[in-house]
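Data file: protein_6.csv. Format and content: CSV, C-alpha atoms.
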chain,number,residue,atom,x,y,z
N,20,MET,CA,-35.7,29.9,24.7
N,21,LYS,CA,-36.8,30.8,28.2
N,22,ARG,CA,-37.7,27.2,28.8
N,23,PHE,CA,-34.2,26.1,27.6
N,24,HIS,CA,-32.5,28.7,29.9
N,25,THR,CA,-34.6,27.5,32.9
N,26,SER,CA,-33.7,23.9,32.1
N,27,LEU,CA,-30.0,24.7,31.7
N,28,THR,CA,-30.0,26.6,35.0
N,29,ALA,CA,-31.6,23.7,36.8
N,30,THR,CA,-29.1,21.3,35.3
N,31,VAL,CA,-26.2,23.5,36.3
N,32,MET,CA,-27.6,23.8,39.8
N,33,SER,CA,-28.0,20.1,40.1
N,34,VAL,CA,-24.4,19.5,39.0
N,35,LEU,CA,-23.1,22.1,41.4
N,36,PHE,CA,-25.1,20.5,44.2
N,37,ALA,CA,-23.7,17.1,43.4
N,38,LEU,CA,-20.2,18.6,43.3
N,39,CYS,CA,-20.7,20.2,46.7
N,40,LEU,CA,-22.1,17.0,48.1
N,41,THR,CA,-19.1,15.0,46.7
N,42,ALA,CA,-16.7,17.6,48.1
N,43,GLY,CA,-18.4,17.3,51.5
N,44,GLN,CA,-18.0,13.5,51.4
N,45,VAL,CA,-14.3,13.9,50.4
N,46,PHE,CA,-13.8,16.3,53.3
N,47,ALA,CA,-15.5,14.0,55.8
N,48,ALA,CA,-13.4,11.1,54.7
N,49,ASP,CA,-10.3,13.3,55.0
N,50,THR,CA,-10.1,12.8,58.8
N,51,ILE,CA,-9.5,9.8,61.0
N,52,LYS,CA,-12.6,9.7,63.2
N,53,LEU,CA,-11.9,8.5,66.7
N,54,GLY,CA,-15.0,7.7,68.7
N,55,VAL,CA,-14.8,8.2,72.5
N,56,ALA,CA,-17.4,6.4,74.6
N,57,GLY,CA,-17.9,6.2,78.3
N,58,ALA,CA,-19.6,7.7,81.4
N,59,HIS,CA,-19.5,11.5,80.8
N,60,SER,CA,-22.4,12.2,83.2
N,61,GLY,CA,-23.9,10.6,86.3
N,62,ASP,CA,-22.3,9.1,89.3
N,63,LEU,CA,-19.5,7.5,87.4
N,64,ALA,CA,-18.5,10.5,85.2
N,65,SER,CA,-15.3,10.8,87.2
N,66,TYR,CA,-14.2,7.6,85.5
N,67,GLY,CA,-15.1,8.6,82.0
N,68,LEU,CA,-14.3,12.3,81.7
N,69,PRO,CA,-10.5,11.9,82.3
N,70,THR,CA,-10.5,9.7,79.2
N,71,VAL,CA,-12.1,12.4,77.1
N,72,ASN,CA,-9.5,14.9,78.3
N,73,ALA,CA,-6.7,12.5,77.6
N,74,ALA,CA,-7.9,11.9,74.1
N,75,LYS,CA,-8.2,15.6,73.5
N,76,PHE,CA,-4.6,16.3,74.6
N,77,VAL,CA,-3.1,13.4,72.6
N,78,VAL,CA,-5.1,14.3,69.4
N,79,ALA,CA,-4.1,17.9,69.7
N,80,ASP,CA,-0.4,17.0,69.8
N,81,ILE,CA,-0.7,14.5,67.0
N,82,ASN,CA,-2.7,16.9,64.8
N,83,ALA,CA,-0.2,19.7,65.4
N,84,ALA,CA,2.6,17.3,64.2
N,85,GLY,CA,0.7,16.5,61.0
N,86,GLY,CA,-1.9,14.0,62.0
N,87,VAL,CA,-2.1,10.3,61.2
N,88,LEU,CA,-1.4,9.1,57.7
N,89,GLY,CA,-1.4,12.8,56.7
N,90,LYS,CA,-4.9,13.3,58.0
N,91,GLN,CA,-6.2,15.2,61.0
N,92,VAL,CA,-7.8,13.2,63.8
N,93,GLU,CA,-11.4,14.1,64.6
N,94,LEU,CA,-13.0,13.2,68.0
N,95,ILE,CA,-16.6,12.1,68.2
N,96,ILE,CA,-17.7,11.8,71.8
N,97,GLU,CA,-20.7,9.9,73.1
N,98,ASP,CA,-22.0,9.3,76.7
N,99,ASP,CA,-23.1,5.9,77.9
N,100,VAL,CA,-23.5,6.7,81.6
N,101,CYS,CA,-21.7,3.3,82.2
N,102,LYS,CA,-25.1,1.6,81.6
N,103,PRO,CA,-25.3,-1.4,79.2
N,104,GLU,CA,-28.7,-0.5,78.0
N,105,VAL,CA,-27.4,3.0,77.0
N,106,ALA,CA,-24.1,1.7,75.6
N,107,THR,CA,-25.8,-0.1,72.7
N,108,SER,CA,-27.4,3.2,71.6
N,109,THR,CA,-24.0,5.0,72.1
N,110,ALA,CA,-22.2,2.4,69.9
N,111,THR,CA,-24.9,2.7,67.2
N,112,LYS,CA,-24.5,6.5,67.2
N,113,LEU,CA,-20.7,6.2,66.8
N,114,VAL,CA,-21.0,3.6,64.0
N,115,THR,CA,-23.6,5.8,62.2
N,116,SER,CA,-21.3,8.8,62.6
N,117,GLY,CA,-18.7,6.9,60.6
N,118,VAL,CA,-16.0,6.5,63.2
N,119,ASP,CA,-12.9,4.5,62.2
N,120,ILE,CA,-11.8,3.4,65.6
N,121,VAL,CA,-13.1,3.6,69.2
N,122,LEU,CA,-11.6,4.6,72.5
N,123,GLY,CA,-13.8,3.0,75.2
N,124,HIS,CA,-16.0,2.0,76.8
N,125,ILE,CA,-15.1,2.6,80.5
N,126,CYS,CA,-17.2,0.1,82.5
N,127,SER,CA,-17.1,-3.6,81.7
N,128,GLY,CA,-20.9,-4.1,81.4
N,129,ALA,CA,-21.3,-1.2,79.0
N,130,THR,CA,-18.2,-2.4,77.1
N,131,LYS,CA,-19.7,-5.9,76.6
N,132,ALA,CA,-23.0,-4.5,75.4
N,133,ALA,CA,-21.3,-2.4,72.8
N,134,MET,CA,-18.6,-4.7,71.4
N,135,GLY,CA,-20.9,-6.8,69.2
N,136,ILE,CA,-22.1,-3.7,67.4
N,137,TYR,CA,-18.5,-2.5,66.8
N,138,HIS,CA,-17.4,-6.0,65.7
N,139,GLY,CA,-20.3,-6.1,63.2
N,140,ALA,CA,-19.1,-2.8,61.8
N,141,GLY,CA,-15.5,-3.9,61.6
N,142,LEU,CA,-14.2,-1.5,64.3
N,143,VAL,CA,-11.3,-2.0,66.7
N,144,CYS,CA,-11.9,-0.7,70.2
N,145,ILE,CA,-9.5,0.0,73.0
N,146,SER,CA,-10.5,0.6,76.7
N,147,PRO,CA,-8.4,2.2,79.5
N,148,SER,CA,-10.5,0.7,82.3
N,149,ALA,CA,-12.8,-2.2,81.4
N,150,THR,CA,-11.2,-5.0,83.4
N,151,ALA,CA,-13.7,-8.0,83.2
N,152,PRO,CA,-11.4,-11.0,82.3
N,153,ASP,CA,-13.7,-12.5,79.7
N,154,LEU,CA,-13.5,-9.4,77.5
N,155,THR,CA,-10.1,-10.8,76.4
N,156,LEU,CA,-9.8,-14.3,77.8
N,157,SER,CA,-13.1,-15.7,76.4
N,158,GLY,CA,-12.3,-14.9,72.7
N,159,ASP,CA,-15.8,-13.5,72.3
N,160,TYR,CA,-14.6,-10.0,71.7
N,161,PRO,CA,-11.8,-10.2,69.1
N,162,ASN,CA,-12.0,-6.5,68.4
N,163,PHE,CA,-11.3,-5.5,72.0
N,164,PHE,CA,-8.0,-4.3,73.5
N,165,ARG,CA,-7.2,-2.6,76.8
N,166,THR,CA,-4.4,-0.7,78.5
N,167,ILE,CA,-5.1,-2.1,82.0
N,168,ALA,CA,-4.6,-5.6,83.4
N,169,HIS,CA,-7.8,-7.7,84.0
N,170,ASP,CA,-9.5,-8.5,87.2
N,171,LYS,CA,-8.1,-12.0,87.6
N,172,VAL,CA,-4.7,-10.5,88.1
N,173,GLN,CA,-6.2,-7.9,90.4
N,174,ALA,CA,-8.2,-10.4,92.5
N,175,GLU,CA,-5.2,-12.6,93.1
N,176,LEU,CA,-3.2,-9.6,94.3
N,177,GLN,CA,-6.0,-8.5,96.6
N,178,VAL,CA,-6.5,-11.9,98.2
N,179,LYS,CA,-2.8,-12.5,98.7
N,180,PHE,CA,-2.5,-9.1,100.3
N,181,VAL,CA,-5.5,-9.6,102.6
N,182,ILE,CA,-4.4,-13.0,103.8
N,183,GLU,CA,-0.6,-12.6,103.9
N,184,LYS,CA,-0.2,-8.9,104.8
N,185,LEU,CA,-3.3,-8.1,106.8
N,186,GLY,CA,-3.5,-11.6,108.4
N,187,ALA,CA,-7.3,-11.9,107.7
N,188,LYS,CA,-8.8,-15.4,108.1
N,189,LYS,CA,-12.5,-14.7,107.8
N,190,ILE,CA,-13.4,-12.8,104.7
N,191,ALA,CA,-16.7,-11.3,103.6
N,192,ILE,CA,-17.0,-10.6,99.9
N,193,LEU,CA,-19.7,-8.1,98.7
N,194,HIS,CA,-20.5,-6.9,95.2
N,195,ASP,CA,-23.0,-4.7,93.3
N,196,LYS,CA,-24.3,-7.4,91.0
N,197,GLY,CA,-22.9,-5.7,88.0
N,198,ASP,CA,-20.6,-7.3,85.4
N,199,TYR,CA,-17.5,-5.6,86.8
N,200,GLY,CA,-18.4,-5.9,90.5
N,201,LYS,CA,-19.8,-9.4,90.7
N,202,GLY,CA,-17.1,-10.7,88.3
N,203,ALA,CA,-14.3,-9.3,90.5
N,204,ALA,CA,-15.9,-10.6,93.7
N,205,SER,CA,-16.4,-14.1,92.2
N,206,LEU,CA,-12.7,-14.2,91.3
N,207,ALA,CA,-11.7,-13.1,94.8
N,208,LYS,CA,-13.9,-15.8,96.2
N,209,GLN,CA,-12.2,-18.4,94.1
N,210,PHE,CA,-8.7,-17.3,95.3
N,211,VAL,CA,-9.8,-17.3,99.0
N,212,GLU,CA,-11.3,-20.7,98.7
N,213,ALA,CA,-8.1,-22.0,97.2
N,214,ASN,CA,-6.1,-20.7,100.2
N,215,PRO,CA,-6.0,-23.1,103.3
N,216,ASN,CA,-5.4,-20.1,105.6
N,217,ALA,CA,-8.7,-18.3,105.1
N,218,GLU,CA,-12.4,-18.8,104.5
N,219,VAL,CA,-15.3,-16.9,102.9
N,220,VAL,CA,-17.8,-16.2,105.7
N,221,LEU,CA,-20.2,-14.2,103.5
N,222,PHE,CA,-20.6,-13.7,99.8
N,223,GLU,CA,-23.5,-11.5,98.8
N,224,GLY,CA,-24.7,-8.9,96.3
N,225,VAL,CA,-26.3,-5.6,97.1
N,226,THR,CA,-28.7,-3.3,95.2
N,227,SER,CA,-26.5,-0.6,93.7
N,228,GLY,CA,-27.8,2.9,94.5
N,229,SER,CA,-29.5,2.0,97.7
N,230,VAL,CA,-29.8,4.8,100.3
N,231,SER,CA,-29.0,2.5,103.2
N,232,PHE,CA,-26.9,-0.7,103.3
N,233,GLY,CA,-27.8,-1.4,106.9
N,234,PRO,CA,-29.0,-5.1,106.4
N,235,ILE,CA,-25.8,-6.1,104.6
N,236,VAL,CA,-23.6,-4.3,107.1
N,237,GLN,CA,-25.4,-6.2,109.9
N,238,LYS,CA,-24.7,-9.5,108.1
N,239,VAL,CA,-21.0,-8.6,107.9
N,240,LYS,CA,-20.9,-7.8,111.6
N,241,ARG,CA,-22.6,-11.1,112.5
N,242,SER,CA,-20.1,-13.0,110.3
N,243,ARG,CA,-17.2,-11.7,112.4
N,244,ALA,CA,-15.2,-11.1,109.2
N,245,ASP,CA,-11.7,-9.8,109.6
N,246,ALA,CA,-11.8,-8.2,106.2
N,247,VAL,CA,-14.4,-7.1,103.6
N,248,ILE,CA,-13.5,-7.3,99.9
N,249,TRP,CA,-15.7,-5.1,97.7
N,250,GLY,CA,-16.6,-5.7,94.1
N,251,GLY,CA,-18.0,-2.5,92.6
N,252,TYR,CA,-17.7,1.3,92.4
N,253,HIS,CA,-17.1,4.1,94.8
N,254,SER,CA,-20.6,5.4,95.0
N,255,ASP,CA,-21.9,2.3,96.9
N,256,ALA,CA,-18.7,1.6,98.7
N,257,SER,CA,-18.5,4.9,100.4
N,258,LYS,CA,-22.0,4.3,102.0
N,259,ILE,CA,-21.1,0.8,103.1
N,260,ILE,CA,-17.9,2.0,104.7
N,261,ARG,CA,-19.6,4.9,106.5
N,262,GLN,CA,-22.2,2.5,108.0
N,263,MET,CA,-19.6,0.1,109.0
N,264,ASN,CA,-17.7,2.9,110.8
N,265,LYS,CA,-20.9,4.0,112.6
N,266,LYS,CA,-21.1,0.5,114.0
N,267,LYS,CA,-17.4,0.7,115.0
N,268,MET,CA,-16.6,-2.4,113.0
N,269,LYS,CA,-12.9,-3.2,112.8
N,270,ALA,CA,-12.9,-5.3,109.7
N,271,PHE,CA,-10.4,-4.1,107.0
N,272,PHE,CA,-12.2,-2.8,103.8
N,273,VAL,CA,-10.5,-3.7,100.5
N,274,GLY,CA,-11.6,-2.4,97.1
N,275,ALA,CA,-10.4,-2.7,93.6
N,276,ASP,CA,-9.7,-0.1,90.9
N,277,GLY,CA,-13.3,0.9,91.0
N,278,LEU,CA,-12.4,2.8,94.2
N,279,LYS,CA,-9.0,4.1,93.0
N,280,ASP,CA,-10.4,7.5,92.2
N,281,GLU,CA,-10.1,10.8,94.0
N,282,THR,CA,-13.9,11.1,93.9
N,283,PHE,CA,-14.0,8.2,96.4
N,284,ILE,CA,-12.0,10.1,98.9
N,285,LYS,CA,-14.0,13.3,98.3
N,286,VAL,CA,-17.4,11.4,98.7
N,287,ALA,CA,-16.3,9.2,101.6
N,288,GLY,CA,-14.4,11.9,103.4
N,289,LYS,CA,-12.8,10.8,106.7
N,290,ASP,CA,-14.5,7.3,106.3
N,291,ALA,CA,-12.0,6.7,103.4
N,292,GLU,CA,-9.1,6.7,105.8
N,293,GLY,CA,-7.4,3.4,106.1
N,294,VAL,CA,-9.2,1.8,103.2
N,295,TYR,CA,-7.1,-0.5,101.0
N,296,VAL,CA,-7.5,-0.6,97.2
N,297,SER,CA,-5.8,-2.3,94.3
N,298,GLY,CA,-5.1,-0.2,91.2
N,299,PRO,CA,-2.8,0.3,88.3
N,300,MET,CA,0.9,0.7,89.2
N,301,ASP,CA,2.3,4.1,89.9
N,302,TYR,CA,3.7,5.5,86.6
N,303,SER,CA,4.3,9.0,88.0
N,304,LYS,CA,8.1,9.0,87.1
N,305,ASN,CA,7.5,8.1,83.5
N,306,PRO,CA,8.4,11.2,81.3
N,307,LEU,CA,5.2,10.9,79.2
N,308,ALA,CA,3.2,10.5,82.4
N,309,ILE,CA,4.7,13.7,83.8
N,310,LYS,CA,3.9,15.5,80.5
N,311,ALA,CA,0.4,14.2,80.4
N,312,LYS,CA,-0.4,15.3,84.0
N,313,GLU,CA,1.2,18.7,83.4
N,314,GLN,CA,-1.0,19.2,80.3
N,315,HIS,CA,-4.1,18.5,82.5
N,316,LYS,CA,-3.0,20.8,85.3
N,317,LYS,CA,-2.3,23.6,82.9
N,318,ALA,CA,-5.7,23.3,81.2
N,319,TYR,CA,-7.9,22.5,84.2
N,320,GLY,CA,-5.8,23.4,87.3
N,321,ASP,CA,-6.1,20.0,89.0
N,322,ASP,CA,-5.1,16.4,88.8
N,323,PRO,CA,-6.6,14.4,86.0
N,324,GLY,CA,-8.5,11.6,87.8
N,325,ALA,CA,-9.0,7.9,87.4
N,326,PHE,CA,-7.7,6.0,84.3
N,327,TYR,CA,-6.3,9.2,82.7
N,328,LEU,CA,-2.9,7.8,82.0
N,329,GLU,CA,-4.4,4.5,80.8
N,330,ALA,CA,-6.6,6.5,78.4
N,331,TYR,CA,-3.7,8.6,77.2
N,332,ALA,CA,-1.8,5.4,76.5
N,333,ALA,CA,-4.8,3.9,74.8
N,334,THR,CA,-5.2,6.9,72.5
N,335,LEU,CA,-1.5,6.8,71.6
N,336,ALA,CA,-1.6,3.0,71.0
N,337,ILE,CA,-4.6,3.0,68.7
N,338,LEU,CA,-3.5,5.9,66.6
N,339,ASN,CA,0.0,4.5,66.4
N,340,ALA,CA,-1.5,1.2,65.2
N,341,VAL,CA,-3.4,3.1,62.4
N,342,GLU,CA,-0.2,4.9,61.4
N,343,LYS,CA,1.8,1.6,61.3
N,344,ALA,CA,-1.0,-0.3,59.6
N,345,GLY,CA,-1.2,2.4,56.9
N,346,SER,CA,-5.0,2.4,57.1
N,347,THR,CA,-7.9,1.9,59.5
N,348,GLU,CA,-8.7,-1.5,58.0
N,349,TYR,CA,-9.6,-3.9,60.8
N,350,ASP,CA,-7.1,-6.7,60.3
N,351,ALA,CA,-4.2,-4.3,59.7
N,352,VAL,CA,-4.9,-2.3,62.9
N,353,VAL,CA,-5.3,-5.5,65.0
N,354,LYS,CA,-1.9,-6.8,63.7
N,355,ALA,CA,-0.2,-3.5,64.4
N,356,LEU,CA,-1.5,-3.4,68.0
N,357,MET,CA,-0.1,-6.9,68.6
N,358,THR,CA,3.3,-6.4,66.9
N,359,GLU,CA,4.2,-2.7,67.1
N,360,TYR,CA,5.5,-1.3,70.4
N,361,VAL,CA,4.6,2.3,71.3
N,362,GLU,CA,5.9,4.6,74.0
N,363,THR,CA,3.2,5.6,76.5
N,364,PRO,CA,2.8,7.0,80.0
N,365,LEU,CA,2.6,3.4,81.1
N,366,GLY,CA,6.0,2.6,79.5
N,367,LYS,CA,6.7,0.9,76.1
N,368,ILE,CA,3.8,-1.5,75.4
N,369,ARG,CA,2.1,-3.7,72.9
N,370,PHE,CA,-0.7,-6.2,73.2
N,371,ASP,CA,-0.9,-10.0,73.3
N,372,GLU,CA,-3.0,-12.1,71.0
N,373,LYS,CA,-6.0,-11.8,73.3
N,374,GLY,CA,-5.8,-8.0,73.5
N,375,ASP,CA,-4.2,-7.6,77.0
N,376,PRO,CA,-1.3,-5.2,77.4
N,377,ILE,CA,2.2,-6.5,77.9
N,378,GLY,CA,4.1,-4.8,80.7
N,379,VAL,CA,1.2,-3.4,82.7
N,380,GLY,CA,0.0,-4.5,86.1
N,381,PHE,CA,-1.6,-3.7,89.5
N,382,THR,CA,-0.4,-2.7,93.0
N,383,MET,CA,-1.9,-2.1,96.4
N,384,TYR,CA,-2.7,1.3,97.9
N,385,GLN,CA,-4.0,2.6,101.2
N,386,VAL,CA,-5.8,5.9,101.9
N,387,ARG,CA,-3.7,8.0,104.3
N,388,LYS,CA,-4.4,11.6,105.1
N,389,GLY,CA,-6.7,11.9,102.1
N,390,GLN,CA,-4.2,10.4,99.6
N,391,PHE,CA,-3.7,7.1,97.9
N,392,VAL,CA,-0.3,5.8,99.1
N,393,GLU,CA,1.3,3.0,97.2
N,394,LEU,CA,2.3,0.1,99.5
N,395,ASN,CA,5.7,-1.6,98.8
Show the structure stored in the file as structure tokens.
Amino acid sequence: MKRFHTSLTATVMSVLFALCLTAGQVFAADTIKLGVAGAHSGDLASYGLPTVNAAKFVVADINAAGGVLGKQVELIIEDDVCKPEVATSTATKLVTSGVDIVLGHICSGATKAAMGIYHGAGLVCISPSATAPDLTLSGDYPNFFRTIAHDKVQAELQVKFVIEKLGAKKIAILHDKGDYGKGAASLAKQFVEANPNAEVVLFEGVTSGSVSFGPIVQKVKRSRADAVIWGGYHSDASKIIRQMNKKKMKAFFVGADGLKDETFIKVAGKDAEGVYVSGPMDYSKNPLAIKAKEQHKKAYGDDPGAFYLEAYAATLAILNAVEKAGSTEYDAVVKALMTEYVETPLGKIRFDEKGDPIGVGFTMYQVRKGQFVELN
């Protein structure tokens, strides 16, 4: 009798354990898991952390209104430090965590490294800031979408501005050898070479993270360049500009959206004055943009930083697609992103067959008195 009682108890405990485990699985499946990947630490965290904040605000609003498909949205956040070799591990962690969709990555190199892993897992990804053209134009990353225009559009705008507005005829083009930086610089080179009114007098990569860029600055000086177009991020650009100013060089310095960040102005200080950058258009008068910025100021007491509005829009777009698709199934979400418009801080948008946003573009800015001023 005692043995029977012990056996019965063990059986009951096993059943209870199985029921608890099943209940846990049901509970876990009862949320929409949104992975958020990007640089959340290191030199480029100022590009990635605004995306995390944007996702938190959007998800809080959506969950308060009942969630997506009647489920609450759960954020799973992983840091890739904007490094391709880390991004593969980050992507694997998110897939293992059971995410349904992904917001990210932030940098183009890290994005490319991660996309194959997500595609193999049948996951749709949307980035607020990865601008390498081949992410959409090549067709190699069918699961990738973005809420920012690509670098070919940006490079054409930059070169036209440098030649037609600044009157530069001799142009030096530098880059950091990364996917984003070198890609943007190569595109700028193509547009300069296609213009009969200007020439490329120097095209060269530098070692990112160097303490001194003296040798390349000296090469720029010897080239007698009227303007320098930079392909890369603010951490290297601020050092190059500072060393150019120490040598009293008069060449215009022109960067892309990798410099369109308040951190660049803080790091470069007075050396940032007069620098030109291309970046996403000013959406500050859009009602949703106003709301999004007010949420950030209320929570953190300051402006949100780079790509915040693009990330806010990306979060709204991907979750709207899931709602319209009626599931997180890959083909259904992709179709919804391409066919269903959604109101965002960037305006009412949807995506073309390659994954690029319709109705989104770039403009030129100049740093004046410590602020990015849009140039009309």
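The environment of range 154-156 of chain N within 6 Å, counting all atoms listed in the file and disregarding residues fewer than 4 places along the same chain, consists of Tyr160, Lys373 and Gly374 of chain N.
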Residues from last step as file, C-alpha atoms, as a tab-separated table (two decimals), in the coordinates of the input:
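Produced file part.tsv, reproduced below:
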chain	number	residue	atom	x	y	z
N	160	TYR	CA	-14.60	-10.00	71.70
N	373	LYS	CA	-6.00	-11.80	73.30
N	374	GLY	CA	-5.80	-8.00	73.50
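Using all atoms listed in the file for every distance, the candidate list N:Leu335, N:Ala73, N:Ala187, N:Ala132 yields N:Ala73 as the residue closest to Ala318 in chain N.
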**Study point:** Contacts of Gly389 in chain N within 12 Å, only C-alpha atoms, excl. fewer than 5 positions in-chain, as JSON, numbers by chain
**Key:** {"N": [280, 281, 282, 283, 284, 285, 286, 287, 288, 289, 290, 291, 292, 293, 294]}
Check your understanding: Please, which residues are within 7 Å of (-10.9, 12.9, 61.9) by the file's coordinates, counting all atoms listed in the file, and could they come as a ChimeraX atom specification?
Key -> /N:49-53,91-94
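Nearest to Leu176 in chain N of all the residues N:Thr347, N:Ser297, N:Ser116, N:Thr111 is N:Ser297, counting only C-alpha atoms.
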Tell me, counting all atoms listed in the file, for each residue of range 122-161 of chain N within 12 Å of range 67-71 of chain N, which pair of atoms is nearest and how far apart they are in Å to one decimal, in rows ordered by chain and increasing number, as a tab-separated table.
residue	atom	partner	partner_atom	distance
N:Leu122	CA	N:Thr70	CA	8.5
N:Gly123	CA	N:Thr70	CA	8.5
N:His124	CA	N:Gly67	CA	8.5
N:Ile125	CA	N:Gly67	CA	6.2
N:Cys126	CA	N:Gly67	CA	8.8
N:Ala129	CA	N:Gly67	CA	12.0
N:Ile145	CA	N:Thr70	CA	11.6
N:Ser146	CA	N:Thr70	CA	9.4
N:Pro147	CA	N:Thr70	CA	7.8
N:Ser148	CA	N:Gly67	CA	9.1
N:Ala149	CA	N:Gly67	CA	11.1
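Using all atoms listed in the file, the nearest neighbour of Ser65 in chain N within the list N:Tyr252, N:Phe163, N:Tyr331, N:Tyr199 is N:Tyr252.
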Review point. Of the residues N:Gly128, N:Gly274, N:Gly158, N:Pro364, which is the one nearest to Ala106 in chain N, using only C-alpha atoms?
Key: N:Gly128
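Proximity of N:Phe381, N:Leu278, N:Val181, N:Lys269 to His253 in chain N, computed with only C-alpha atoms, is greatest for N:Leu278.
Closest approach to Gly57 in chain N among N:Ser205, N:Thr109, N:Ser227, N:Asn264 is made by N:Thr109 (distances from all atoms listed in the file).
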Take range 318-333 of chain N, model N, CA, C and O atoms, and hand the result over as a CSV table (one decimal), in the coordinates of the input.
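Once written, result_37.csv looks like this:
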chain,number,residue,atom,x,y,z
N,318,ALA,N,-4.4,23.0,81.8
N,318,ALA,CA,-5.7,23.3,81.2
N,318,ALA,C,-6.8,23.4,82.2
N,318,ALA,O,-7.7,24.2,82.1
N,319,TYR,N,-6.7,22.6,83.3
N,319,TYR,CA,-7.9,22.5,84.2
N,319,TYR,C,-7.5,22.9,85.7
N,319,TYR,O,-8.4,23.0,86.5
N,320,GLY,N,-6.2,23.0,86.0
N,320,GLY,CA,-5.8,23.4,87.3
N,320,GLY,C,-5.9,22.3,88.4
N,320,GLY,O,-5.7,22.7,89.6
N,321,ASP,N,-6.1,21.1,88.0
N,321,ASP,CA,-6.1,20.0,89.0
N,321,ASP,C,-5.6,18.7,88.4
N,321,ASP,O,-5.3,18.6,87.2
N,322,ASP,N,-5.5,17.7,89.3
N,322,ASP,CA,-5.1,16.4,88.8
N,322,ASP,C,-6.1,15.7,87.9
N,322,ASP,O,-7.3,16.0,88.1
N,323,PRO,N,-5.7,14.9,87.0
N,323,PRO,CA,-6.6,14.4,86.0
N,323,PRO,C,-7.7,13.4,86.4
N,323,PRO,O,-8.8,13.3,85.8
N,324,GLY,N,-7.5,12.6,87.4
N,324,GLY,CA,-8.5,11.6,87.8
N,324,GLY,C,-8.2,10.2,87.3
N,324,GLY,O,-7.2,9.9,86.7
N,325,ALA,N,-9.2,9.3,87.6
N,325,ALA,CA,-9.0,7.9,87.4
N,325,ALA,C,-8.8,7.5,85.9
N,325,ALA,O,-9.5,8.1,85.0
N,326,PHE,N,-7.9,6.6,85.6
N,326,PHE,CA,-7.7,6.0,84.3
N,326,PHE,C,-7.2,7.0,83.2
N,326,PHE,O,-7.3,6.7,82.0
N,327,TYR,N,-6.8,8.2,83.7
N,327,TYR,CA,-6.3,9.2,82.7
N,327,TYR,C,-5.1,8.7,81.9
N,327,TYR,O,-5.1,8.8,80.7
N,328,LEU,N,-4.1,8.2,82.7
N,328,LEU,CA,-2.9,7.8,82.0
N,328,LEU,C,-3.2,6.6,81.1
N,328,LEU,O,-2.6,6.4,80.0
N,329,GLU,N,-4.1,5.7,81.6
N,329,GLU,CA,-4.4,4.5,80.8
N,329,GLU,C,-5.1,4.9,79.5
N,329,GLU,O,-4.9,4.4,78.4
N,330,ALA,N,-5.9,6.0,79.6
N,330,ALA,CA,-6.6,6.5,78.4
N,330,ALA,C,-5.7,7.2,77.5
N,330,ALA,O,-5.8,7.1,76.2
N,331,TYR,N,-4.7,7.9,78.0
N,331,TYR,CA,-3.7,8.6,77.2
N,331,TYR,C,-2.9,7.6,76.5
N,331,TYR,O,-2.7,7.7,75.3
N,332,ALA,N,-2.5,6.5,77.2
N,332,ALA,CA,-1.8,5.4,76.5
N,332,ALA,C,-2.6,4.7,75.4
N,332,ALA,O,-2.1,4.4,74.4
N,333,ALA,N,-3.9,4.5,75.7
N,333,ALA,CA,-4.8,3.9,74.8
N,333,ALA,C,-5.0,4.7,73.5
N,333,ALA,O,-5.0,4.1,72.4
